[in-house]
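Structure below is data.cif: mmCIF, C-alpha atoms.
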data_my_file
loop_
_atom_site.label_atom_id
_atom_site.label_comp_id
_atom_site.auth_asym_id
_atom_site.auth_seq_id
_atom_site.Cartn_x
_atom_site.Cartn_y
_atom_site.Cartn_z
CA MET A 23 0.00 0.00 0.00
CA GLU A 24 1.44 3.36 -1.04
CA GLU A 25 2.23 5.66 1.87
CA ILE A 26 0.24 8.89 1.88
CA ILE A 27 2.47 11.98 1.65
CA GLN A 28 1.40 14.47 4.30
CA ARG A 29 1.31 18.10 3.15
CA ALA A 30 0.47 20.55 5.89
CA ILE A 31 -0.63 24.12 6.38
CA LEU A 32 0.74 25.53 9.66
CA VAL A 33 -1.39 27.97 11.65
CA GLY A 34 -0.02 30.18 14.43
CA VAL A 35 -1.77 32.69 16.65
CA ASP A 36 0.25 35.51 18.22
CA LEU A 37 -1.50 36.29 21.49
CA ASN A 38 -0.70 39.71 22.93
CA ASN A 39 2.52 40.23 20.93
CA ASP A 40 4.49 37.25 22.27
CA LYS A 41 8.18 38.11 21.76
CA ASN A 42 8.99 34.44 21.03
CA PHE A 43 6.13 33.96 18.56
CA ASP A 44 8.18 33.90 15.33
CA TYR A 45 10.62 31.42 16.84
CA SER A 46 7.74 29.25 18.07
CA VAL A 47 6.29 29.05 14.53
CA GLU A 48 9.71 28.25 13.07
CA GLU A 49 10.05 25.51 15.65
CA LEU A 50 6.61 24.13 14.71
CA LYS A 51 7.92 23.82 11.15
CA ASN A 52 10.96 21.87 12.42
CA LEU A 53 8.70 19.61 14.51
CA ALA A 54 6.54 18.90 11.46
CA GLU A 55 9.59 18.10 9.34
CA ALA A 56 10.82 15.78 12.11
CA CYS A 57 7.61 13.80 11.45
CA SER A 58 8.31 13.70 7.70
CA VAL A 59 5.54 16.20 6.99
CA GLU A 60 5.96 18.53 4.01
CA VAL A 61 5.10 22.10 5.06
CA ALA A 62 3.21 23.72 2.16
CA ASP A 63 2.42 27.10 3.71
CA VAL A 64 2.21 29.03 6.99
CA LEU A 65 -0.60 31.33 8.12
CA THR A 66 -0.47 33.54 11.22
CA GLN A 67 -2.88 35.86 13.01
CA LYS A 68 -2.54 38.40 15.83
CA LEU A 69 -5.25 38.10 18.49
CA GLU A 70 -5.91 39.41 21.99
CA ARG A 71 -7.89 36.26 22.78
CA VAL A 72 -8.64 33.08 20.84
CA ASN A 73 -11.93 32.26 19.16
CA SER A 74 -13.74 29.68 21.30
CA ALA A 75 -15.28 27.91 18.29
CA HIS A 76 -12.37 27.74 15.81
CA TYR A 77 -9.38 29.17 17.76
CA ILE A 78 -8.85 31.59 14.82
CA GLY A 79 -11.32 34.11 13.36
CA SER A 80 -13.90 33.02 10.77
CA GLY A 81 -12.12 35.00 8.05
CA LYS A 82 -8.88 33.16 8.78
CA VAL A 83 -10.70 29.81 8.64
CA GLU A 84 -11.68 30.68 5.06
CA GLU A 85 -8.05 31.61 4.30
CA VAL A 86 -6.84 28.27 5.66
CA ALA A 87 -9.44 26.44 3.55
CA HIS A 88 -8.19 28.34 0.49
CA LEU A 89 -4.56 27.37 1.27
CA VAL A 90 -5.55 23.72 1.78
CA ALA A 91 -7.19 23.65 -1.65
CA LYS A 92 -4.45 25.66 -3.36
CA ASN A 93 -1.61 23.47 -2.02
CA ASP A 94 -3.51 20.16 -2.19
CA ALA A 95 -2.83 19.84 1.57
CA ASN A 96 -4.29 17.02 3.65
CA LEU A 97 -3.32 18.25 7.11
CA VAL A 98 -3.57 21.47 9.15
CA ILE A 99 -1.33 21.88 12.20
CA PHE A 100 -2.04 24.52 14.85
CA ASN A 101 0.77 25.94 16.98
CA ASP A 102 -1.29 25.72 20.20
CA GLU A 103 -3.36 23.07 21.93
CA LEU A 104 -6.92 22.89 20.60
CA SER A 105 -10.04 21.89 22.52
CA PRO A 106 -12.12 18.88 21.35
CA SER A 107 -14.88 21.17 20.01
CA GLN A 108 -12.36 23.33 18.12
CA ILE A 109 -10.92 20.24 16.41
CA ARG A 110 -14.42 19.09 15.41
CA ASN A 111 -15.46 22.53 14.14
CA LEU A 112 -12.25 23.06 12.20
CA GLU A 113 -12.36 19.62 10.58
CA HIS A 114 -15.97 20.22 9.58
CA GLU A 115 -15.08 23.57 7.96
CA LEU A 116 -11.77 22.51 6.39
CA GLN A 117 -12.74 18.94 5.46
CA CYS A 118 -9.29 17.64 6.34
CA LYS A 119 -7.38 16.34 9.31
CA VAL A 120 -6.57 18.94 12.00
CA ILE A 121 -4.02 18.42 14.77
CA ASP A 122 -2.22 20.69 17.22
CA ARG A 123 1.33 21.19 18.44
CA THR A 124 0.74 18.88 21.41
CA ILE A 125 -0.11 15.82 19.35
CA LEU A 126 2.79 16.58 17.01
CA ILE A 127 5.25 16.47 19.94
CA LEU A 128 3.53 13.39 21.36
CA ASP A 129 3.97 11.70 17.99
CA ILE A 130 7.69 12.48 17.93
CA PHE A 131 8.06 11.16 21.46
CA ALA A 132 6.18 7.97 20.49
CA SER A 133 8.55 7.32 17.57
CA ARG A 134 11.69 8.06 19.63
CA ALA A 135 10.84 6.14 22.83
CA LYS A 136 13.05 3.06 23.13
CA THR A 137 12.97 1.91 26.76
CA ARG A 138 9.86 0.45 28.37
CA GLU A 139 9.66 3.35 30.81
CA ALA A 140 9.73 5.98 28.04
CA GLN A 141 7.17 4.04 25.99
CA LEU A 142 4.82 3.82 28.98
CA GLN A 143 5.23 7.51 29.78
CA VAL A 144 4.42 8.53 26.20
CA GLU A 145 1.44 6.18 25.96
CA VAL A 146 -0.05 7.55 29.19
CA ALA A 147 0.41 11.11 27.88
CA GLN A 148 -1.22 10.20 24.55
CA LEU A 149 -4.23 8.53 26.17
CA LYS A 150 -4.78 11.46 28.56
CA TYR A 151 -4.62 13.87 25.64
CA MET A 152 -6.91 11.82 23.43
CA MET A 153 -9.57 10.87 25.95
CA PRO A 154 -11.58 14.13 25.77
CA ARG A 155 -10.99 14.32 22.01
CA LEU A 156 -12.22 10.87 20.98
CA ILE A 157 -15.10 12.06 18.82
CA GLY A 158 -13.01 14.50 16.79
CA LEU A 159 -10.03 12.19 16.46
CA ASN A 160 -12.15 9.19 15.46
CA ALA A 161 -13.79 11.24 12.74
CA SER A 162 -10.36 12.35 11.55
CA LEU A 163 -8.93 8.84 11.58
CA SER A 164 -11.91 7.39 9.70
CA ARG A 165 -11.33 10.02 7.01
CA GLN A 166 -7.62 9.33 6.64
CA ALA A 167 -5.81 6.48 8.32
CA GLY A 168 -2.13 6.73 9.15
CA GLY A 169 0.09 9.76 9.61
CA ILE A 170 0.56 11.99 12.62
CA GLY A 171 -1.84 11.43 15.47
CA SER A 172 -2.48 7.80 14.62
CA LYS A 173 0.66 6.32 16.18
CA GLY A 174 0.89 4.95 19.69
CA PRO A 175 -2.54 4.09 21.09
CA GLY A 176 -3.93 3.87 17.55
CA GLU A 177 -7.44 3.61 16.12
CA LYS A 178 -8.47 0.50 18.07
CA LYS A 179 -7.73 2.11 21.41
CA LEU A 180 -9.51 5.29 20.36
CA GLU A 181 -12.65 3.21 19.91
CA LEU A 182 -12.56 2.22 23.56
CA ASP A 183 -15.05 4.00 25.72
CA ARG A 184 -13.85 6.46 28.37
CA ARG A 185 -14.05 3.90 31.17
CA ARG A 186 -11.86 1.40 29.38
CA ILE A 187 -9.33 4.09 28.51
CA GLU A 188 -9.18 5.12 32.18
CA GLU A 189 -8.60 1.45 33.07
CA GLN A 190 -5.78 1.32 30.52
CA ILE A 191 -4.19 4.46 31.97
CA HIS A 192 -4.47 2.94 35.47
CA LYS A 193 -2.82 -0.28 34.27
CA LEU A 194 0.03 1.58 32.56
CA ASN A 195 0.55 3.79 35.63
CA LYS A 196 0.85 0.69 37.83
CA GLU A 197 3.62 -0.64 35.61
CA LEU A 198 5.23 2.79 35.60
CA ASP A 199 5.05 2.97 39.41
CA ALA A 200 7.13 -0.22 39.65
CA LEU A 201 9.79 1.31 37.38
CA VAL A 202 9.66 4.59 39.34
CA LEU A 203 10.22 2.65 42.59
CA THR A 204 13.34 1.08 41.08
CA ARG A 205 14.58 4.54 40.09
CA GLN A 206 13.88 5.90 43.59
CA ASN A 207 15.78 3.00 45.18
CA GLN A 208 18.72 3.73 42.89
CA ARG A 209 18.65 7.37 44.02
CA LYS A 210 18.57 6.33 47.69
CA LEU A 211 21.59 4.09 47.14
CA ARG A 212 23.47 6.94 45.49
CA LYS A 213 22.67 9.22 48.42
CA LYS A 214 23.81 6.54 50.87
CA ASN A 215 27.10 6.24 49.01
CA ALA A 216 27.38 10.05 49.04
CA THR A 217 28.13 10.08 45.32
CA PRO A 218 27.43 13.57 43.92
CA VAL A 219 25.04 13.77 40.97
CA VAL A 220 25.29 16.14 38.01
CA ALA A 221 22.29 16.48 35.66
CA LEU A 222 22.47 17.71 32.07
CA VAL A 223 19.49 19.89 31.17
CA GLY A 224 18.68 22.04 28.18
CA TYR A 225 16.74 22.53 25.00
CA THR A 226 16.31 19.62 22.64
CA ASN A 227 19.28 19.24 20.26
CA ALA A 228 21.53 21.53 22.33
CA GLY A 229 24.14 18.77 22.61
CA LYS A 230 23.52 17.22 26.04
CA SER A 231 24.31 13.67 24.89
CA THR A 232 27.44 14.87 23.06
CA THR A 233 28.54 16.66 26.25
CA MET A 234 27.99 13.48 28.25
CA ASN A 235 30.09 11.50 25.75
CA ALA A 236 32.84 14.16 25.93
CA LEU A 237 32.99 13.81 29.72
CA LEU A 238 32.99 10.01 29.39
CA ASN A 239 35.89 10.35 26.97
CA VAL A 240 37.89 12.30 29.57
CA SER A 241 37.18 9.61 32.17
CA ASN A 242 38.40 6.90 29.76
CA ALA A 243 35.10 5.01 30.03
CA GLU A 244 34.55 1.95 27.85
CA ALA A 245 33.10 2.63 24.41
CA ASP A 246 29.84 0.84 25.25
CA LYS A 247 29.14 3.44 27.97
CA SER A 248 28.66 6.23 25.43
CA VAL A 249 25.09 7.40 24.78
CA PHE A 250 23.23 7.89 21.50
CA GLU A 251 23.75 11.30 19.92
CA LYS A 252 22.32 12.72 16.71
CA ASN A 253 21.57 16.16 15.25
CA MET A 254 17.79 15.88 15.56
CA LEU A 255 14.93 17.00 17.81
CA PHE A 256 14.39 14.74 20.83
CA ALA A 257 17.09 12.26 19.81
CA THR A 258 17.23 11.15 23.46
CA LEU A 259 14.18 10.40 25.59
CA GLU A 260 15.87 7.90 27.87
CA THR A 261 17.45 9.06 31.10
CA SER A 262 21.01 7.74 31.04
CA THR A 263 23.26 7.81 34.11
CA ARG A 264 27.00 7.19 33.87
CA GLN A 265 29.82 7.30 36.40
CA ILE A 266 32.55 9.81 35.61
CA GLN A 267 35.92 9.03 37.18
CA LEU A 268 38.44 11.85 36.94
CA PRO A 269 42.22 11.35 36.78
CA ASP A 270 42.56 12.45 40.44
CA ASN A 271 40.05 9.71 41.46
CA LYS A 272 37.25 12.15 42.18
CA GLN A 273 34.01 10.75 40.79
CA PHE A 274 30.43 11.75 40.21
CA LEU A 275 27.33 10.45 38.46
CA LEU A 276 26.26 12.24 35.29
CA THR A 277 22.61 12.05 34.20
CA ASP A 278 21.34 12.97 30.73
CA THR A 279 17.68 14.04 30.69
CA VAL A 280 14.97 14.55 28.08
CA GLY A 281 15.30 17.81 26.14
CA PHE A 282 12.87 20.68 26.51
CA VAL A 283 10.95 22.59 23.86
CA SER A 284 8.66 25.61 23.93
CA LYS A 285 5.07 24.75 24.90
CA LEU A 286 6.12 21.29 26.07
CA PRO A 287 2.75 19.53 26.54
CA HIS A 288 1.72 19.40 30.20
CA GLN A 289 0.70 15.76 29.67
CA LEU A 290 4.33 14.97 28.85
CA VAL A 291 5.71 16.96 31.77
CA LYS A 292 3.37 15.01 34.07
CA ALA A 293 4.13 11.64 32.44
CA PHE A 294 7.89 12.24 32.51
CA ARG A 295 7.85 13.71 36.02
CA SER A 296 9.51 10.61 37.51
CA THR A 297 12.28 10.88 34.92
CA LEU A 298 12.62 14.63 35.41
CA GLU A 299 12.92 14.08 39.17
CA GLU A 300 16.53 13.17 38.41
CA VAL A 301 16.97 16.92 37.86
CA THR A 302 15.38 17.86 41.20
CA GLU A 303 17.69 15.44 43.05
CA ALA A 304 20.92 16.62 41.42
CA ASP A 305 23.71 18.42 43.26
CA LEU A 306 24.59 20.44 40.16
CA LEU A 307 22.88 21.25 36.86
CA LEU A 308 24.76 21.69 33.60
CA HIS A 309 22.47 23.83 31.43
CA VAL A 310 23.67 22.98 27.90
CA VAL A 311 22.98 25.76 25.37
CA ASP A 312 23.39 25.61 21.58
CA LEU A 313 25.43 28.79 21.10
CA SER A 314 25.15 28.45 17.31
CA HIS A 315 21.35 28.69 17.37
CA PRO A 316 20.10 32.18 16.50
CA GLU A 317 17.44 31.96 19.25
CA PHE A 318 19.60 30.47 21.99
CA GLN A 319 18.56 33.20 24.46
CA ALA A 320 14.89 32.24 23.98
CA GLN A 321 15.82 28.58 24.46
CA ILE A 322 17.53 29.45 27.76
CA GLU A 323 14.38 31.24 28.97
CA ILE A 324 12.13 28.32 27.99
CA THR A 325 14.37 25.75 29.70
CA ASN A 326 14.55 27.83 32.88
CA LYS A 327 10.76 28.17 32.84
CA VAL A 328 10.33 24.36 32.72
CA LEU A 329 12.89 23.99 35.53
CA ASP A 330 10.90 26.50 37.61
CA GLU A 331 7.75 24.44 36.99
CA LEU A 332 9.60 21.39 38.29
CA GLY A 333 10.52 23.29 41.44
CA VAL A 334 14.24 23.47 40.63
CA LYS A 335 15.38 26.87 41.88
CA GLU A 336 18.04 26.38 44.54
CA THR A 337 20.26 23.86 42.71
CA PRO A 338 23.57 25.39 41.53
CA MET A 339 23.77 25.71 37.74
CA VAL A 340 26.60 26.09 35.27
CA TYR A 341 25.68 27.33 31.78
CA VAL A 342 27.52 25.26 29.17
CA TYR A 343 27.58 27.17 25.88
CA ASN A 344 28.11 24.34 23.41
CA LYS A 345 28.90 24.31 19.64
CA ALA A 346 31.27 27.26 20.09
CA ASP A 347 33.23 25.94 17.08
CA LEU A 348 30.28 26.89 14.84
CA VAL A 349 30.21 30.59 15.76
CA ASP A 350 32.63 33.48 15.23
CA ASN A 351 31.27 35.79 17.92
CA GLU A 352 32.98 36.10 21.28
CA PHE A 353 29.71 35.99 23.21
CA THR A 354 30.32 36.56 26.89
CA PRO A 355 27.49 35.69 29.27
CA SER A 356 26.47 38.08 32.02
CA THR A 357 27.13 37.27 35.67
CA GLN A 358 25.93 33.67 35.29
CA GLU A 359 28.61 31.05 35.79
CA ALA A 360 29.36 29.76 32.31
CA VAL A 361 31.78 27.71 30.22
CA ARG A 362 32.13 27.93 26.45
CA ILE A 363 32.86 24.54 24.85
CA SER A 364 32.67 22.37 21.76
CA ALA A 365 31.63 18.96 23.05
CA LYS A 366 32.13 17.42 19.62
CA ASN A 367 35.77 18.60 19.42
CA LEU A 368 36.43 18.27 23.20
CA THR A 369 37.33 21.99 23.29
CA ASN A 370 37.45 23.43 26.84
CA ILE A 371 36.20 20.18 28.42
CA ASP A 372 38.97 20.56 31.02
CA THR A 373 37.57 23.99 31.93
CA LEU A 374 34.11 22.43 32.31
CA ILE A 375 35.52 19.70 34.55
CA ASN A 376 37.26 22.28 36.74
CA SER A 377 33.96 24.14 37.08
CA ILE A 378 32.19 20.90 38.08
CA LYS A 379 34.92 20.10 40.59
CA SER A 380 34.70 23.54 42.21
CA HIS A 381 31.00 22.91 42.89
CA LEU A 382 31.08 19.26 43.90
CA PHE A 383 34.35 18.86 45.72
CA HIS A 384 34.82 22.13 47.60
CA HIS A 385 34.38 20.12 50.83
CA TYR A 386 37.37 17.88 50.04
CA VAL A 387 40.27 18.21 52.45
CA LYS A 388 43.87 17.07 52.67
CA GLU A 389 44.41 14.50 55.43
CA THR A 390 47.02 11.97 56.56
CA PHE A 391 45.97 8.56 57.87
CA LEU A 392 47.96 5.77 59.52
CA ILE A 393 46.20 2.60 58.41
CA PRO A 394 47.05 -0.74 60.15
CA TYR A 395 48.27 -3.44 57.80
CA ASP A 396 45.24 -5.62 58.56
CA LYS A 397 42.98 -2.86 57.15
CA GLY A 398 44.16 -3.18 53.57
CA ASN A 399 40.60 -2.66 52.34
CA ILE A 400 40.78 0.98 53.54
CA ILE A 401 43.99 1.55 51.56
CA SER A 402 42.28 0.07 48.47
CA TYR A 403 39.26 2.33 49.03
CA LEU A 404 41.42 5.47 49.34
CA ASN A 405 43.42 4.55 46.24
CA ASP A 406 40.13 4.29 44.32
CA HIS A 407 38.23 7.24 45.81
CA ALA A 408 40.83 9.82 46.86
CA THR A 409 43.77 11.70 45.40
CA VAL A 410 46.86 10.06 46.91
CA PHE A 411 49.83 12.42 47.41
CA GLU A 412 52.21 10.22 49.40
CA THR A 413 52.40 6.67 50.76
CA GLU A 414 54.94 5.51 53.36
CA TYR A 415 55.20 2.05 54.91
CA LEU A 416 55.99 2.19 58.64
CA ASP A 417 56.39 -0.54 61.24
CA ASN A 418 52.85 -0.09 62.56
CA GLY A 419 51.00 0.53 59.25
CA THR A 420 50.73 2.53 56.04
CA LEU A 421 51.05 6.31 56.33
CA ILE A 422 49.00 7.76 53.49
CA THR A 423 48.36 11.43 52.64
CA VAL A 424 45.28 12.03 50.54
CA GLU A 425 42.69 14.57 49.46
CA CYS A 426 39.27 13.11 50.17
CA SER A 427 35.71 14.04 51.10
CA ASP A 428 34.89 15.22 54.60
CA GLN A 429 32.56 12.16 54.85
CA ASP A 430 35.58 9.87 54.35
CA VAL A 431 37.60 11.87 56.88
CA GLU A 432 34.80 11.30 59.42
CA ARG A 433 34.49 7.64 58.40
CA PHE A 434 38.19 6.91 59.05
CA HIS A 435 38.69 9.49 61.83
CA GLN A 436 40.27 6.96 64.23
CA TYR A 437 43.15 6.50 61.76
CA LYS A 438 43.89 10.22 61.33
CA LYS A 439 47.51 10.92 62.11
CA SER A 440 46.53 13.94 64.24
CA SER A 441 44.22 11.73 66.33
CA LEU A 442 46.98 9.22 66.98
CA LEU A 443 49.49 11.74 68.36
#

Mind converting the file's structure to structure tokens?
Amino acid sequence: MEEIIQRAILVGVDLNNDKNFDYSVEELKNLAEACSVEVADVLTQKLERVNSAHYIGSGKVEEVAHLVAKNDANLVIFNDELSPSQIRNLEHELQCKVIDRTILILDIFASRAKTREAQLQVEVAQLKYMMPRLIGLNASLSRQAGGIGSKGPGEKKLELDRRRIEEQIHKLNKELDALVLTRQNQRKLRKKNATPVVALVGYTNAGKSTTMNALLNVSNAEADKSVFEKNMLFATLETSTRQIQLPDNKQFLLTDTVGFVSKLPHQLVKAFRSTLEEVTEADLLLHVVDLSHPEFQAQIEITNKVLDELGVKETPMVYVYNKADLVDNEFTPSTQEAVRISAKNLTNIDTLINSIKSHLFHHYVKETFLIPYDKGNIISYLNDHATVFETEYLDNGTLITVECSDQDVERFHQYKKSSLL
């Protein structure tokens, strides 16, 4: 069966002169292209408030209908979330499939999700979005099968009544809860081991995964520890955590998180909350910014807004201006702590590491221990987890001078040289 080529008309409404409106529409175009949709034309309108029946004014509905006919389009994509009645009214007037930005992003997430947890999170978000829109979406799907908005739960699940969909959401959430519990137990273990956690956050396609791989490269991690990276929107939905061991034996856990985007659907934020909790538990955030993007300042604002919604305000943050090799300007950030790097070329990764160390290991101290010979396990631990400056073998044990965490100093306090005098 020949695959139907999707040609779309994009519709954007600028409410109250939104300063990021043009960028938001450009991003909608990129999202559509990420779903292999051919964008035929774009129509925009300035409004103080949306039309409750069609979202846009009646005159603009006629303009959209004209563009659909002129471009032989079979899809209209709105830049904002539409209500069920607006979808029904628009499809009746335009006689073609109508979707909104939310379902477009949900569709991308559905195609990118690889792990069971990500797949469950996306399916829950899709079902919650679709439940109040069943009538409109069923009409749309019966008119044209396939394409955006028909992935994931699919036509069969859309035919379920509300009660059965709620049961399905409950079932998926139960499975998710078990995975969330595992994640929470992993976090508790990390806290118990006092291993600091650094979380990579930022806009989609800013280079978070490439930055993680650059830091893994510095720590000489095995090749199979590297994470997937690609120049595309939402290349990574999985939360990956890797241990970074520095040459001086200091170590931390680095977590890569799902990328953000403007108007990230609230269903997705809710569904991915357990994953995004990795950010709220971190000791340090690395806010990765694509310095080569013309709207990188807007992307910073959007990412910080999502972080605020997650309740992340007190966690220290370092701004990592990535892809510096692609720009000529000598952009200097304001008072924010920042590092300018090229993760792909490993440029200034050492500077980034020094910045991380200044945040995570400021409580490290230099100490000398006298360890009895029958406590060789302590010597092994210090060799693995501390920076060893000097080792001397005496009659009554090993005299070792190290830089280590204050927790380790407390843990081995009875062996401190000063305590033994």

Answer key for the PyMOL selection byres ((chain A and resi 317) around 12), residues as JSON, numbers by chain: {"A": [41, 42, 43, 44, 45, 46, 48, 49, 225, 228, 284, 311, 312, 313, 314, 315, 316, 318, 319, 320, 321, 322, 323, 324]}

The PyMOL selection byres ((chain A and resi 123) around 12) on the file shown: which residues, as a ChimeraX atom specification? /A:32-34,46-47,49-54,57,98-104,120-122,124-130,151,170-171,283-288

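Take CA of Asn271 (chain A) and CA of Phe383 (chain A): the distance between them is 11.6 Å.
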
Which value, in Å to one decimal, gives the distance between CA of Lys292 (chain A) and CA of Thr137 (chain A)? 17.8 Å

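Nearest residue to Ile187 (chain A) among A:Glu60, A:Glu412, A:Glu70, A:Glu145 is A:Glu145, counting only C-alpha atoms.
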
Got a sec: who's within 7 Å of Gly419 (chain A), counting only C-alpha atoms, leaving out chain neighbours fewer than 5 positions off, as an MDAnalysis selection string? chainID A and resid 392:395

Could the residues in this selection be saved with C-alpha atoms as a JSON list (two decimals), in the coordinates of the input?
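So selection34.json came out as:
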[["chain", "number", "residue", "atom", "x", "y", "z"],
["A", 392, "LEU", "CA", 47.96, 5.77, 59.52],
["A", 393, "ILE", "CA", 46.20, 2.60, 58.41],
["A", 394, "PRO", "CA", 47.05, -0.74, 60.15],
["A", 395, "TYR", "CA", 48.27, -3.44, 57.80]]

Taking all atoms listed in the file into account, which of A:Ser440, A:Asn235, A:Thr337, A:Thr420 comes nearest Asn399 (chain A)?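 Under the stated criterion, the closest residue is A:Thr420.
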
With only C-alpha atoms as the counted atoms, please give the residues lying no more than 12 Å from Ser80 (chain A), apart from itself and same-chain residues fewer than 5 positions off, as a VMD selection string. chain A and resid 67 72 to 75 85 to 87 111 to 112 115 to 116

List, as a list in words, every residue that the PyMOL selection byres ((chain A and resi 370) around 12) selects in the file provided.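 With the PyMOL selection byres ((chain A and resi 370) around 12) on this model, the match is Thr233, Ala236, Leu237, Val240, Val342, Tyr343, Asn344, Lys345, Ala346, Asp347, Ala360, Val361, Arg362, Ile363, Ser364, Ala365, Lys366, Asn367, Leu368, Thr369, Ile371, Asp372, Thr373, Leu374, Ile375, Asn376 and Ser377 of chain A.
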
Coordinates-based distance that separates CA of Asp278 (chain A) from CA of His192 (chain A) (Å, one decimal):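 That distance, rounded to one decimal, is 28.1 Å.
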
Need the shell around Val301 (chain A): protein/DNA/RNA residues with any atom at most 9 Å away, counting all atoms listed in the file. Skip same-chain ones fewer than 3 positions apart. Format as a short mmCIF file (atom, residue, chain, number, x, y, z; two decimals) with C-alpha atoms, in the frame of the given file?
data_model
loop_
_atom_site.label_atom_id
_atom_site.label_comp_id
_atom_site.auth_asym_id
_atom_site.auth_seq_id
_atom_site.Cartn_x
_atom_site.Cartn_y
_atom_site.Cartn_z
CA VAL A 220 25.29 16.14 38.01
CA ALA A 221 22.29 16.48 35.66
CA LEU A 222 22.47 17.71 32.07
CA VAL A 223 19.49 19.89 31.17
CA THR A 277 22.61 12.05 34.20
CA THR A 279 17.68 14.04 30.69
CA THR A 297 12.28 10.88 34.92
CA LEU A 298 12.62 14.63 35.41
CA ALA A 304 20.92 16.62 41.42
CA ASP A 305 23.71 18.42 43.26
CA LEU A 306 24.59 20.44 40.16
CA LEU A 307 22.88 21.25 36.86
CA LEU A 329 12.89 23.99 35.53
CA LEU A 332 9.60 21.39 38.29
CA VAL A 334 14.24 23.47 40.63
#

Taking (47.6, 6.8, 45.2) in the coordinates of the supplied file, I want to know which residues reach to within 10 Å of it, counting all atoms listed in the file; could you give the answer as a list of chain:residue names?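 Nearby residues: A:Asp270, A:Asn271, A:Ile401, A:Ser402, A:Leu404, A:Asn405, A:Asp406, A:His407, A:Ala408, A:Thr409, A:Val410, A:Phe411, A:Glu412, A:Thr413, A:Ile422, A:Thr423, A:Val424.
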
Report, as lines of an AutoDock Vina configuration file, the axis-aligned box around all atoms of region 116-120 of chain A present in the file, extended by 6 Å on each side; give centre and edge lengths in Å to one decimal place.
center_x = -9.7
center_y = 19.4
center_z = 8.7
size_x = 18.2
size_y = 18.2
size_z = 18.5

My list of candidates is A:Leu198, A:Met339, A:Asp430, A:Thr261. Which is closest to Lys136 (chain A) when distances are computed with only C-alpha atoms?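 Ranking A:Leu198, A:Met339, A:Asp430, A:Thr261 by distance to Lys136 (chain A), first place goes to A:Thr261.
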
For Val61 (chain A), which residue out of A:Arg29, A:Arg433, A:His88, A:His384 is the nearest one, using all atoms listed in the file? A:Arg29

Residues within 9 Å of Ser105 (chain A), please, as an NGL selection string. Count all atoms listed in the file; anything in the same chain fewer than 5 positions from it doesn't count. :A and (74 or 77 or 110 or 154-155)

Which residue gives the smallest distance to Glu188 (chain A) among A:Val387, A:Leu421, A:Met153, A:Leu275, with all atoms listed in the file counted?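 Of A:Val387, A:Leu421, A:Met153, A:Leu275, the one nearest Glu188 (chain A) is A:Met153, counting all atoms listed in the file.
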